[in-house]
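Engineer: One structure coming up, written as structure tokens, with questions to follow.
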Amino acid sequence: MGHTSTFAGFRQIQRHDGLFQEQVHDAYKAKGKLPEPTICPQCGAVFHGGRWQWLPAPANAHKETCPACHRIHDQYPAGFLTMQGEFFQSHRDEIMHLVHNHEKREKAEHPLKRIMEVADKGDATMVTTTDIHLARGIGEALHHAYQGKLEYHYNPEQNLLRVNWTH
Ligand SMILES: [Zn+2]
């Protein structure tokens, strides 16, 4: 049996496939319409105008955990970015700085885009994220800054994305 993918349910996709439309499958987002305003008691993000935003806490807001805090609580990331290679190892500090800066900028606009964990596994480092777009965005930023080889594997059933950057 020849499996090309290391992970069940994932298939390799091209970087510019129109893959990122199918969020309907995301159990963390498909929970029905929230009342507005809703505030997340964990992080203080406010659901307003149909999306989660950083806003001052409204009076008498409905309280419900946001999808990002929900994933963090469940330890169930949506995005997995693996970085490896000699270039990565010899520029690790600088690259991790770029990774965290990218998250900081994205999170300032989009409360649901967060890094969950940074873990070293042998000579690779894996960053997990609460949102597939953040993992993809960091991968694109790395590729833009340093080139290297960037690959995506997508699991459409669960809306999970693995990004591998090798350099
Ligand atoms: Zn939250």
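Within each chain, counting starts at residue 1; across the structure tokens, chains are named A, B, ... in the order shown, with ligands numbered 1 upward in that order.
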Counting only C-alpha atoms, which residues of stretch 7-114 of chain A sit at most 6 Å from some atom of stretch 147-164 of chain A, and what is each one's closest atom pair with its distance in Å to one decimal, listed by chain and rising residue number, as a Markdown table?
Structural biologist:
```
| residue | atom | partner | partner_atom | distance |
| --- | --- | --- | --- | --- |
| A:Gly9 | CA | A:Asn155 | CA | 5.4 |
| A:Phe10 | CA | A:Asn155 | CA | 4.3 |
| A:Arg11 | CA | A:His153 | CA | 5.1 |
| A:Gln12 | CA | A:His153 | CA | 4.2 |
| A:Ile13 | CA | A:Tyr152 | CA | 5.7 |
| A:Asp26 | CA | A:Asn159 | CA | 5.7 |
| A:Ala78 | CA | A:Leu160 | CA | 4.8 |
| A:Gly79 | CA | A:Leu161 | CA | 4.9 |
| A:Phe80 | CA | A:Arg162 | CA | 4.7 |
| A:Leu81 | CA | A:Val163 | CA | 4.6 |
| A:Thr82 | CA | A:Asn164 | CA | 4.9 |
```
Engineer: Hey, can you spit out that residue selection with all heavy atoms as a CSV table (one decimal), in the first residue's frame?
Structural biologist:
```
chain,number,residue,atom,x,y,z
A,9,GLY,N,-5.9,11.3,6.2
A,9,GLY,CA,-6.9,12.4,6.0
A,9,GLY,C,-6.3,13.6,5.3
A,9,GLY,O,-7.1,14.5,4.9
A,10,PHE,N,-5.0,13.7,5.2
A,10,PHE,CA,-4.4,14.8,4.6
A,10,PHE,C,-4.0,14.5,3.2
A,10,PHE,O,-3.6,13.4,2.8
A,10,PHE,CB,-3.1,15.2,5.3
A,10,PHE,CG,-3.3,15.9,6.6
A,10,PHE,CD1,-3.6,15.2,7.8
A,10,PHE,CD2,-3.3,17.3,6.7
A,10,PHE,CE1,-3.8,15.8,9.0
A,10,PHE,CE2,-3.5,17.9,7.9
A,10,PHE,CZ,-3.8,17.2,9.1
A,11,ARG,N,-4.1,15.5,2.3
A,11,ARG,CA,-3.6,15.4,0.9
A,11,ARG,C,-2.8,16.6,0.6
A,11,ARG,O,-3.0,17.7,1.1
A,11,ARG,CB,-4.7,15.2,-0.1
A,11,ARG,CG,-5.6,16.4,-0.2
A,11,ARG,CD,-6.8,16.1,-1.1
A,11,ARG,NE,-7.8,17.2,-0.9
A,11,ARG,CZ,-7.9,18.3,-1.6
A,11,ARG,NH1,-7.0,18.5,-2.6
A,11,ARG,NH2,-8.8,19.2,-1.4
A,12,GLN,N,-1.7,16.3,-0.2
A,12,GLN,CA,-0.9,17.5,-0.6
A,12,GLN,C,-1.7,18.4,-1.6
A,12,GLN,O,-2.4,17.9,-2.4
A,12,GLN,CB,0.4,17.0,-1.2
A,12,GLN,CG,1.3,18.2,-1.6
A,12,GLN,CD,2.7,17.8,-1.8
A,12,GLN,OE1,3.0,16.6,-1.9
A,12,GLN,NE2,3.6,18.8,-2.0
A,13,ILE,N,-1.6,19.7,-1.4
A,13,ILE,CA,-2.2,20.6,-2.3
A,13,ILE,C,-1.2,21.6,-2.8
A,13,ILE,O,-0.2,21.8,-2.2
A,13,ILE,CB,-3.4,21.4,-1.6
A,13,ILE,CG1,-2.8,22.0,-0.3
A,13,ILE,CG2,-4.5,20.4,-1.3
A,13,ILE,CD1,-3.7,23.0,0.2
A,26,ASP,N,-15.6,23.3,9.6
A,26,ASP,CA,-14.9,23.5,10.8
A,26,ASP,C,-15.8,23.5,12.0
A,26,ASP,O,-16.6,24.4,12.2
A,26,ASP,CB,-14.1,24.8,10.7
A,26,ASP,CG,-13.2,25.0,11.9
A,26,ASP,OD1,-13.4,24.4,12.9
A,26,ASP,OD2,-12.2,25.8,11.7
A,78,ALA,N,-5.5,23.9,14.6
A,78,ALA,CA,-6.0,23.9,13.2
A,78,ALA,C,-4.8,23.9,12.2
A,78,ALA,O,-4.9,23.2,11.2
A,78,ALA,CB,-6.9,25.0,12.9
A,79,GLY,N,-3.8,24.6,12.6
A,79,GLY,CA,-2.6,24.7,11.7
A,79,GLY,C,-1.4,24.1,12.3
A,79,GLY,O,-1.2,24.3,13.5
A,80,PHE,N,-0.5,23.4,11.5
A,80,PHE,CA,0.7,22.9,12.0
A,80,PHE,C,1.8,23.3,11.0
A,80,PHE,O,1.8,22.9,9.9
A,80,PHE,CB,0.6,21.3,12.0
A,80,PHE,CG,-0.5,20.7,12.8
A,80,PHE,CD1,-1.8,20.7,12.3
A,80,PHE,CD2,-0.3,20.2,14.0
A,80,PHE,CE1,-2.8,20.2,13.0
A,80,PHE,CE2,-1.3,19.7,14.8
A,80,PHE,CZ,-2.6,19.6,14.3
A,81,LEU,N,2.7,24.1,11.5
A,81,LEU,CA,3.8,24.5,10.6
A,81,LEU,C,5.1,23.9,11.1
A,81,LEU,O,5.5,24.1,12.3
A,81,LEU,CB,3.9,26.1,10.7
A,81,LEU,CG,5.2,26.7,10.1
A,81,LEU,CD1,5.2,26.6,8.6
A,81,LEU,CD2,5.3,28.1,10.6
A,82,THR,N,5.7,23.1,10.3
A,82,THR,CA,7.0,22.5,10.6
A,82,THR,C,8.1,23.1,9.8
A,82,THR,O,8.0,23.3,8.6
A,82,THR,CB,6.9,21.0,10.3
A,82,THR,OG1,5.8,20.4,11.0
A,82,THR,CG2,8.2,20.3,10.8
```
Engineer: Might you pull out every residue within 8 Å of stretch 111-128 of chain A, with only C-alpha atoms counted and same-chain residues fewer than 4 positions away left off, and present them as a VMD selection string?
Structural biologist: chain A and resid 45 52 to 54 66 to 68 72 77 to 85 89 103 106 to 107 133 to 135
Engineer: Would you please work out which residue, of A:Pro56, A:Cys69, A:Pro37, A:Asn101, is nearest to ligand 1 when using only C-alpha atoms and all ligand atoms?
Structural biologist: A:Cys69
Engineer: Based on the backbone DSSP call, show me all residues of stretch 73-145 of chain A assigned helix (DSSP H, G or I), as a compact mmCIF listing (two decimals) with N, CA, C and O atoms, in the first residue's frame.
Structural biologist:
```
# COMPACT_ATOMS: atom_id res chain seq x y z
N HIS A 73 -8.00 25.35 24.76
CA HIS A 73 -8.47 24.52 25.87
C HIS A 73 -8.45 23.04 25.50
O HIS A 73 -8.03 22.19 26.29
N ASP A 74 -8.91 22.72 24.29
CA ASP A 74 -8.96 21.33 23.84
C ASP A 74 -7.60 20.81 23.36
O ASP A 74 -7.49 19.63 23.01
N GLU A 86 19.07 22.98 7.29
CA GLU A 86 20.30 23.60 7.78
C GLU A 86 20.17 25.11 7.90
O GLU A 86 20.62 25.72 8.86
N PHE A 87 19.55 25.72 6.88
CA PHE A 87 19.37 27.17 6.92
C PHE A 87 18.53 27.55 8.13
O PHE A 87 18.86 28.49 8.87
N PHE A 88 17.45 26.82 8.33
CA PHE A 88 16.59 27.09 9.49
C PHE A 88 17.39 26.98 10.78
O PHE A 88 17.33 27.88 11.63
N GLN A 89 18.15 25.90 10.93
CA GLN A 89 18.90 25.71 12.17
C GLN A 89 19.89 26.84 12.41
O GLN A 89 20.05 27.31 13.53
N SER A 90 20.55 27.29 11.34
CA SER A 90 21.60 28.30 11.55
C SER A 90 21.02 29.72 11.67
O SER A 90 21.73 30.64 12.03
N ARG A 92 17.88 30.18 13.29
CA ARG A 92 16.66 29.89 14.02
C ARG A 92 16.11 31.10 14.78
O ARG A 92 14.91 31.38 14.73
N ASP A 93 16.98 31.83 15.48
CA ASP A 93 16.49 32.95 16.29
C ASP A 93 15.81 34.01 15.44
O ASP A 93 14.71 34.48 15.76
N GLU A 94 16.48 34.35 14.35
CA GLU A 94 15.93 35.36 13.44
C GLU A 94 14.59 34.89 12.86
O GLU A 94 13.62 35.65 12.76
N ILE A 95 14.53 33.62 12.48
CA ILE A 95 13.31 33.09 11.87
C ILE A 95 12.17 33.04 12.88
O ILE A 95 11.03 33.41 12.58
N MET A 96 12.48 32.62 14.11
CA MET A 96 11.42 32.58 15.12
C MET A 96 10.91 33.98 15.44
O MET A 96 9.73 34.18 15.75
N HIS A 97 11.80 34.94 15.35
CA HIS A 97 11.41 36.33 15.55
C HIS A 97 10.38 36.74 14.47
O HIS A 97 9.36 37.35 14.77
N LEU A 98 10.67 36.37 13.24
CA LEU A 98 9.73 36.65 12.14
C LEU A 98 8.38 35.96 12.38
O LEU A 98 7.31 36.55 12.19
N VAL A 99 8.45 34.71 12.82
CA VAL A 99 7.22 33.94 13.08
C VAL A 99 6.36 34.65 14.13
O VAL A 99 5.15 34.86 13.94
N HIS A 100 6.98 35.04 15.23
CA HIS A 100 6.22 35.68 16.31
C HIS A 100 5.72 37.06 15.92
O HIS A 100 4.62 37.46 16.31
N ASN A 101 6.53 37.78 15.15
CA ASN A 101 6.09 39.09 14.68
C ASN A 101 4.88 38.98 13.76
O ASN A 101 3.96 39.79 13.82
N HIS A 102 4.92 37.98 12.89
CA HIS A 102 3.80 37.77 11.97
C HIS A 102 2.53 37.49 12.77
O HIS A 102 1.47 38.06 12.50
N GLU A 103 2.66 36.63 13.77
CA GLU A 103 1.48 36.33 14.61
C GLU A 103 0.97 37.59 15.31
O GLU A 103 -0.23 37.84 15.36
N LYS A 104 1.89 38.38 15.85
CA LYS A 104 1.49 39.58 16.59
C LYS A 104 0.68 40.52 15.71
O LYS A 104 -0.35 41.04 16.11
N ARG A 105 1.14 40.70 14.47
CA ARG A 105 0.43 41.59 13.54
C ARG A 105 -0.95 41.03 13.19
O ARG A 105 -1.94 41.74 13.16
N GLU A 106 -0.99 39.72 12.90
CA GLU A 106 -2.26 39.10 12.51
C GLU A 106 -3.26 39.10 13.67
O GLU A 106 -4.44 39.38 13.49
N LYS A 107 -2.75 38.77 14.85
CA LYS A 107 -3.62 38.67 16.02
C LYS A 107 -4.20 40.03 16.40
O LYS A 107 -5.33 40.11 16.90
N ALA A 108 -3.46 41.09 16.15
CA ALA A 108 -3.95 42.44 16.46
C ALA A 108 -5.22 42.74 15.64
O ALA A 108 -6.11 43.44 16.11
N GLU A 109 -5.30 42.21 14.43
CA GLU A 109 -6.46 42.39 13.56
C GLU A 109 -7.51 41.30 13.78
O GLU A 109 -8.69 41.55 13.71
N ILE A 132 -6.07 27.93 10.31
CA ILE A 132 -5.24 27.45 9.21
C ILE A 132 -4.61 28.61 8.43
O ILE A 132 -3.52 28.48 7.91
N HIS A 133 -5.30 29.74 8.39
CA HIS A 133 -4.78 30.87 7.62
C HIS A 133 -3.51 31.44 8.24
O HIS A 133 -2.65 31.96 7.54
N LEU A 134 -3.40 31.35 9.56
CA LEU A 134 -2.19 31.84 10.21
C LEU A 134 -1.00 30.95 9.86
O LEU A 134 0.08 31.44 9.53
N ALA A 135 -1.19 29.63 9.91
CA ALA A 135 -0.09 28.71 9.55
C ALA A 135 0.33 28.95 8.10
O ALA A 135 1.52 29.01 7.78
N ARG A 136 -0.65 29.13 7.22
CA ARG A 136 -0.34 29.39 5.82
C ARG A 136 0.38 30.73 5.67
O ARG A 136 1.37 30.84 4.95
N GLY A 137 -0.11 31.75 6.38
CA GLY A 137 0.48 33.09 6.29
C GLY A 137 1.92 33.12 6.76
O GLY A 137 2.77 33.78 6.16
N ILE A 138 2.21 32.39 7.84
CA ILE A 138 3.59 32.35 8.33
C ILE A 138 4.47 31.62 7.31
O ILE A 138 5.58 32.06 7.01
N GLY A 139 3.95 30.52 6.77
CA GLY A 139 4.70 29.80 5.73
C GLY A 139 5.03 30.70 4.55
O GLY A 139 6.16 30.74 4.06
N GLU A 140 4.02 31.46 4.10
CA GLU A 140 4.24 32.38 2.98
C GLU A 140 5.28 33.46 3.34
O GLU A 140 6.10 33.83 2.51
N ALA A 141 5.20 33.95 4.57
CA ALA A 141 6.14 34.99 5.00
C ALA A 141 7.57 34.44 5.03
O ALA A 141 8.52 35.13 4.63
N LEU A 142 7.73 33.20 5.49
CA LEU A 142 9.06 32.58 5.51
C LEU A 142 9.58 32.41 4.09
O LEU A 142 10.74 32.70 3.80
N HIS A 143 8.71 31.92 3.22
CA HIS A 143 9.12 31.69 1.84
C HIS A 143 9.46 33.01 1.16
O HIS A 143 10.43 33.11 0.41
N HIS A 144 8.68 34.02 1.45
CA HIS A 144 8.93 35.34 0.86
C HIS A 144 10.28 35.90 1.34
O HIS A 144 11.04 36.47 0.57
N ALA A 145 10.57 35.72 2.62
CA ALA A 145 11.79 36.30 3.18
C ALA A 145 13.03 35.49 2.83
O ALA A 145 14.11 36.06 2.61
```
Engineer: Give the strand (DSSP E or B) residues of chain A, as assigned by DSSP on the backbone, as a VMD selection string.
Structural biologist: chain A and resid 11 to 13 38 to 39 46 to 48 51 to 53 62 to 63 79 to 84 115 to 121 124 to 129 149 to 155 160 to 166
Engineer: Next, write the just-selected residues to a file, as a PDB file, in the first residue's frame, keeping C-alpha atoms as the atom set.
Structural biologist:
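Dumped to out-v6.pdb:
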```pdb
ATOM      1  CA  ARG A  11      -3.605  15.362   0.944  1.00  0.00           C
ATOM      2  CA  GLN A  12      -0.922  17.482  -0.595  1.00  0.00           C
ATOM      3  CA  ILE A  13      -2.227  20.593  -2.297  1.00  0.00           C
ATOM      4  CA  THR A  38     -20.800  38.100  22.822  1.00  0.00           C
ATOM      5  CA  ILE A  39     -17.613  38.329  24.868  1.00  0.00           C
ATOM      6  CA  VAL A  46     -15.906  40.429  21.349  1.00  0.00           C
ATOM      7  CA  PHE A  47     -18.166  38.962  18.676  1.00  0.00           C
ATOM      8  CA  HIS A  48     -19.649  41.929  16.876  1.00  0.00           C
ATOM      9  CA  ARG A  51     -16.846  38.424  13.539  1.00  0.00           C
ATOM     10  CA  TRP A  52     -14.563  38.281  16.579  1.00  0.00           C
ATOM     11  CA  GLN A  53     -12.771  41.548  17.253  1.00  0.00           C
ATOM     12  CA  HIS A  62     -23.532  37.297  26.182  1.00  0.00           C
ATOM     13  CA  LYS A  63     -20.593  35.157  27.350  1.00  0.00           C
ATOM     14  CA  GLY A  79      -2.612  24.669  11.681  1.00  0.00           C
ATOM     15  CA  PHE A  80       0.707  22.855  11.990  1.00  0.00           C
ATOM     16  CA  LEU A  81       3.809  24.546  10.643  1.00  0.00           C
ATOM     17  CA  THR A  82       6.991  22.472  10.616  1.00  0.00           C
ATOM     18  CA  MET A  83      10.299  24.198   9.921  1.00  0.00           C
ATOM     19  CA  GLN A  84      13.501  22.318   9.285  1.00  0.00           C
ATOM     20  CA  ILE A 115       0.105  30.569  17.930  1.00  0.00           C
ATOM     21  CA  MET A 116      -0.657  27.783  20.366  1.00  0.00           C
ATOM     22  CA  GLU A 117       2.685  26.084  20.898  1.00  0.00           C
ATOM     23  CA  VAL A 118       6.257  26.002  19.681  1.00  0.00           C
ATOM     24  CA  ALA A 119       7.831  22.566  20.072  1.00  0.00           C
ATOM     25  CA  ASP A 120      11.236  21.255  19.039  1.00  0.00           C
ATOM     26  CA  LYS A 121      11.197  17.749  17.620  1.00  0.00           C
ATOM     27  CA  ALA A 124      12.610  20.359  13.330  1.00  0.00           C
ATOM     28  CA  THR A 125      10.496  22.957  15.080  1.00  0.00           C
ATOM     29  CA  MET A 126       6.716  22.787  14.979  1.00  0.00           C
ATOM     30  CA  VAL A 127       4.448  25.756  15.541  1.00  0.00           C
ATOM     31  CA  THR A 128       0.753  25.047  16.042  1.00  0.00           C
ATOM     32  CA  THR A 129      -1.946  27.640  15.394  1.00  0.00           C
ATOM     33  CA  LYS A 149      10.675  24.758  -0.056  1.00  0.00           C
ATOM     34  CA  LEU A 150       7.094  25.234   1.070  1.00  0.00           C
ATOM     35  CA  GLU A 151       4.478  22.469   1.029  1.00  0.00           C
ATOM     36  CA  TYR A 152       0.878  22.234   2.135  1.00  0.00           C
ATOM     37  CA  HIS A 153      -1.089  19.195   3.198  1.00  0.00           C
ATOM     38  CA  TYR A 154      -4.751  19.793   3.808  1.00  0.00           C
ATOM     39  CA  ASN A 155      -7.345  17.697   5.581  1.00  0.00           C
ATOM     40  CA  LEU A 160      -6.653  21.134   9.261  1.00  0.00           C
ATOM     41  CA  LEU A 161      -3.583  22.371   7.443  1.00  0.00           C
ATOM     42  CA  ARG A 162      -0.012  21.137   7.705  1.00  0.00           C
ATOM     43  CA  VAL A 163       2.627  23.470   6.313  1.00  0.00           C
ATOM     44  CA  ASN A 164       6.164  22.210   5.841  1.00  0.00           C
ATOM     45  CA  TRP A 165       8.974  24.643   5.236  1.00  0.00           C
ATOM     46  CA  THR A 166      12.387  23.194   4.514  1.00  0.00           C
TER      47      THR A 166
END
```
Engineer: Just to confirm, what's the straight-line distance from atom CA of A:His91 to atom CA of A:Tyr76 in Å (one decimal)?
Structural biologist: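 Distance reported for this atom pair: 28.8 Å.
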Engineer: Which is closer to ligand 1 than all the others in A:Ala8, A:Gly49, A:Thr65, A:Arg15, using only C-alpha atoms and all ligand atoms?
Structural biologist: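 Selected residue with least distance to ligand 1: A:Thr65.
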Engineer: Between A:Cys43, A:Thr130, A:Arg71, A:Gly50, single out the one closest to ligand 1, counting only C-alpha atoms and all ligand atoms.
Structural biologist: A:Cys43
Engineer: Report, in Å to a single decimal, how far apart atom CA of A:Tyr28 and atom CA of A:Asn60 are.
Structural biologist: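 Pair atom CA of A:Asn60 / atom CA of A:Tyr28 returns 24.1 Å.
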Engineer: Kindly give the distance, in Å, that separates atom CA of A:Leu34 and atom CA of A:Asp131, rounded to a single decimal.
Structural biologist: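 For atom CA of A:Leu34 relative to atom CA of A:Asp131, the distance reads 19.1 Å.
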Engineer: Check the smallest atom-to-atom distance from each of A:His110, A:Lys33, A:His70, A:Leu55 to ligand 1 using only C-alpha atoms and all ligand atoms, then report the winner.
Structural biologist: A:His70
Engineer: Using only C-alpha atoms and all ligand atoms, can you tell me which of A:Gln75, A:Cys40, A:Tyr146, A:Ala59 comes closest to ligand 1?
Structural biologist: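 Distance minimum relative to ligand 1 lands on A:Cys40.
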